[in-house]
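I have placed the structure first, in the form of structure tokens, so that the comments after it can refer back to it.
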Amino acid sequence: MKTKKILTITKIFLSILFLFIFHFSYADVATTTATSTDSITIHLQIEGSTATLFSSTITVSACEAVSSTTPTVNAYCAIKQSGVDNTWSLYGDDQFVDSIGGVSNDYVNNIYWGWFSNLEYGETSLNKHALSSDEELLVNFGRMPLKISVSTTTPEVNGTTTVSVSEFGFDSFWNGVWLSSASSSIDIYETSFSTDTNGNYDLLATSTDSFSIKATKSGFLDSSSIIISPVISPEIESATTTTEIVTSSSSSAGSGGGTVNNNVVTHNNIDTSKAFQFLLDNQKSDGSFGYSLYTDWAAIAFALGSQNSGKEKIINYLKCASDTSANITDYERHAMALMALGINPYSGTSVNYIQKIVNSFDGNQIGDVSLVNDDVFAIFPLIKAGYSSGDPIIQKIVAYIISKQNSDGSWVGGIDMTAATIQALSMTPSISGVNQALDNARTYLSTGQQSNGGFGSSFSTSWALQAIASLGESGTNWLKNNNNPYDYLYSTQQSDGGLEALSQDINTRLWATVYAIPASLNKPWSVILSSFSKPVDVVNDITTDVALNVGETSTTTLILEATSTVLVSDDLALVSKPIELTVLVDADKEKKANDNFPVENEKLSSVGEILNVGDVTGTSTQNNSQLASVIVGQNDSVLFSKMSTVVGFSLLVVLGFILLML
């Protein structure tokens, strides 16, 4: 009887042991499957109703959306591994988003989280969508995306390309559709044009300079950007070449304005007094020039004129004008306009424009990562507002700008942005790489000068002259076929004092004139803008790079400059002198129960995620009692495997003890 009992217990023991071994074998296979699945790199963009929660390239590894499913590389994994807080609901084997970054589905107003893959509307659960390499994954709440297309990216100079903008919406049957986006804006550098009722706009190419365009509309997400690179038609290029040959052997200096009389070359410049009068004749009664674009650039030109009623009117207008823009380049240009007229950009109006600019810094660059103009135009107001080449924010922005320089020395492949960037980088000569970048840019600028002395248009020529001045050179020495850039500007000034042909619309002529005045006076923007000190209550930019690796501890030192008042609250404490805060990051500690992805994929993208100090770097606000702790999670499957090991071993010990007792 005892032998039979022992055999029975032995069978039970072996059965349990078999199940235990099978469990661990299965766990090992599952883990191997998850880690052996190739990771996929995508661009993930998470957009809340009012702000971007995440926008970066991310490498996604396989994860289990449901405990019974095989690990795959899917959209659910991407969101989980983004580091942004998220919650989910499970329906069968489908995972649906409840909230991301604290933004929850609005069941009252029927606003829910949705997603797009390469602008194709997603109609499955996120865990059912397998990712593909270089995919553009958009996860959005409330705001739908815009889509932009053009008839050609290489229109001929003086020709047009048709820009079409579509907006995503739903038809009467709640089917997702793309609709023509009437009255949306097409943004080109610092100006915008509106589409017609069919969502179209015929864009005129005026020079060979490449430029970037994108579509924007209130309540929608901005479209991606498209680069337009105009070309000269073969007929025009041939005619230009012939003209140069004839001109070079003729007593005439061509169309630039320089003239040859008895071998003596006479050069000309625009009449700035007439140019100022043209502006005064077209100034609105409220002091503006219509659109903020023209008003801001006119303010910069007026800064160089004598004190007059027109100047006072524009000063009063700028001090009282309400701010309705959402574009960082508008903030930058407006700050420059204020500073040119001696108005404090921190406190001279109801808006702190410097803070607006700083808030758009993501730790590496300003604003849109696909653009460089917002970085270039941030340099002018920041350097003139108390920031210096020694500030991390300036060093980062400059490094980013340099990284975007083309091999030919240009930026965005054109004279305009190259000239603007030369002016910006000339303000930070001590930063590494700047001088070489300026040398390469000057070479590009030189090759772009045409036989009439200009650089393709009065707009490009004006900025080129300011760039030349910022390099410490004189435009009079930049001769091409006996013409210099001033000669070219002179040839475009009309009898009423304005530049460009009388047949052009008034806004184009105003724009050209306000550009030409500083250029003709050899005044780059760095000279025109007044300098202002940082207010004592400004907390300088806080940036850091934190590398997290399994089993390692990272130490990060953060420098804060602040006021003489200590504030004890849920906001960042401000102190009388710089403080070094050392943050220890222990990558072996547990972060959250629902973070089921490997720790090596965890990345803290900004100091706001480390310190939880509120809107210092644009991240969500949390109580600063968490200031000194950063906890990084472990893979749930690893934790489960460790727990199973303990339980299994304990079970073996108990069964062995029972056998010994029998």
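Labels for the structure tokens follow display order: chains A, B, ..., residues from 1 in each chain, ligands from 1.
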- Task: Go through region 115-149 of chain A and collect every residue that DSSP, computed from the backbone, puts in strand (DSSP E); the answer should be as a list in words.
- Result: Trp115, Phe116, Ser117, Glu120, Tyr121, Glu136, Leu137, Leu138, Val139, Asn140, Phe141, Met144, Pro145, Leu146, Lys147, Ile148 and Ser149 of chain A
- Message: List as a ChimeraX atom specification the protein and nucleic acid residues near Gly367 (chain A), meaning an atom at most 12 Å away when only C-alpha atoms are counted, but skip any in the same chain fewer than 2 places from it.
- Response: /A:52,55,326-332,356-365,369-378,397,400,618
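Across the model, the gap from CA of Gly176 (chain A) to CA of Ser212 (chain A) is 28.6 Å.
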- Item | Given only C-alpha atoms as the counted atoms, nearest of A:Ile100, A:Ile270, A:Ala385, A:Leu471 to Leu53 (chain A) |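 Using only C-alpha atoms, the shortest distance to Leu53 (chain A) belongs to A:Ile100.
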- Determine, counting only C-alpha atoms, which protein, DNA and RNA residues have an atom within 9 Å of an atom of region 184-200 of chain A; residues of the same chain fewer than 2 positions away are not included. Present the result as a PyMOL selection string. chain A and resi 162-166+179-182+202-203+211-218+293-294+329-330+333+373-374
Quick one: write out the picked residues with N, CA and C atoms as a tab-separated table (two decimals), in the first residue's frame?
```tsv
chain	number	residue	atom	x	y	z
A	162	THR	N	0.55	74.68	-59.33
A	162	THR	CA	-0.72	74.68	-58.61
A	162	THR	C	-0.58	73.88	-57.32
A	163	VAL	N	-0.82	74.53	-56.21
A	163	VAL	CA	-0.75	73.89	-54.90
A	163	VAL	C	-2.17	73.50	-54.49
A	164	SER	N	-2.37	72.24	-54.12
A	164	SER	CA	-3.69	71.74	-53.71
A	164	SER	C	-3.62	71.27	-52.27
A	165	VAL	N	-4.60	71.69	-51.47
A	165	VAL	CA	-4.65	71.33	-50.05
A	165	VAL	C	-5.96	70.58	-49.77
A	166	SER	N	-5.84	69.46	-49.07
A	166	SER	CA	-7.01	68.67	-48.67
A	166	SER	C	-7.02	68.53	-47.16
A	179	LEU	N	-11.21	65.98	-48.22
A	179	LEU	CA	-12.02	67.02	-48.82
A	179	LEU	C	-11.16	68.21	-49.21
A	180	SER	N	-11.57	68.95	-50.23
A	180	SER	CA	-10.85	70.17	-50.61
A	180	SER	C	-10.87	71.15	-49.45
A	181	SER	N	-9.71	71.72	-49.14
A	181	SER	CA	-9.59	72.61	-47.98
A	181	SER	C	-9.63	74.07	-48.43
A	182	ALA	N	-10.82	74.64	-48.45
A	182	ALA	CA	-10.98	76.04	-48.83
A	182	ALA	C	-10.45	76.96	-47.74
A	202	ASP	N	-2.45	79.04	-57.23
A	202	ASP	CA	-1.42	79.06	-58.26
A	202	ASP	C	-0.24	79.89	-57.77
A	203	LEU	N	0.84	79.22	-57.48
A	203	LEU	CA	2.01	79.86	-56.88
A	203	LEU	C	2.99	80.28	-57.97
A	211	PHE	N	12.51	76.88	-52.17
A	211	PHE	CA	11.82	77.27	-50.95
A	211	PHE	C	10.87	76.17	-50.51
A	212	SER	N	10.51	76.23	-49.24
A	212	SER	CA	9.66	75.20	-48.64
A	212	SER	C	8.26	75.76	-48.44
A	213	ILE	N	7.24	74.93	-48.70
A	213	ILE	CA	5.86	75.33	-48.46
A	213	ILE	C	5.16	74.26	-47.62
A	214	LYS	N	4.18	74.69	-46.85
A	214	LYS	CA	3.32	73.77	-46.11
A	214	LYS	C	1.96	74.40	-45.95
A	215	ALA	N	0.96	73.59	-45.65
A	215	ALA	CA	-0.41	74.08	-45.48
A	215	ALA	C	-0.78	74.12	-44.01
A	216	THR	N	-1.48	75.19	-43.62
A	216	THR	CA	-1.97	75.32	-42.24
A	216	THR	C	-3.42	75.78	-42.28
A	217	LYS	N	-4.14	75.45	-41.23
A	217	LYS	CA	-5.53	75.90	-41.09
A	217	LYS	C	-5.94	75.74	-39.65
A	218	SER	N	-6.65	76.71	-39.14
A	218	SER	CA	-7.08	76.68	-37.75
A	218	SER	C	-7.93	75.44	-37.50
A	293	LEU	N	2.99	90.62	-41.86
A	293	LEU	CA	4.25	90.39	-42.56
A	293	LEU	C	4.86	91.71	-43.03
A	294	TYR	N	4.07	92.51	-43.74
A	294	TYR	CA	4.58	93.76	-44.29
A	294	TYR	C	4.79	94.80	-43.18
A	329	THR	N	7.73	81.37	-36.58
A	329	THR	CA	8.41	82.37	-37.39
A	329	THR	C	7.73	83.73	-37.28
A	330	ASP	N	6.43	83.75	-37.06
A	330	ASP	CA	5.73	85.02	-36.86
A	330	ASP	C	6.18	85.67	-35.55
A	333	ARG	N	9.78	87.06	-36.19
A	333	ARG	CA	9.78	88.28	-37.01
A	333	ARG	C	9.20	89.46	-36.23
A	373	ASN	N	14.43	77.59	-41.33
A	373	ASN	CA	14.23	79.05	-41.24
A	373	ASN	C	13.78	79.48	-39.85
A	374	ASP	N	12.99	78.61	-39.16
A	374	ASP	CA	12.57	78.99	-37.81
A	374	ASP	C	13.75	78.96	-36.83
```
- Best match for closeness to Ile40 (chain A) among A:Ile315, A:Leu338, A:Ile58, A:Ile366, counting only C-alpha atoms: A:Ile58
- Task: Using only C-alpha atoms, find the one residue out of A:Pro535, A:Asn110, A:Ser526, A:Pro429 that sits nearest to Asn352 (chain A).
- Result: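 Distance minimum relative to Asn352 (chain A) lands on A:Pro535.
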- Task: May I have the residues within 12 Å of Ala519 (chain A) as an NGL selection string, using only C-alpha atoms and disregarding those fewer than 4 positions away in the same chain?
- Result: :A and (269-270 or 272 or 300-301 or 304 or 419 or 458-470 or 474-475 or 485-486 or 488-490 or 512-515 or 523-525 or 527-528)
- Neighbour list for Thr492 (chain A) as a PyMOL selection string, cut-off 8 Å, only C-alpha atoms, skip fewer than 6 positions in-chain: chain A and resi 458+499-501
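Relative to CA of Met336 (chain A), CA of Pro381 (chain A) is found at 5.8 Å.
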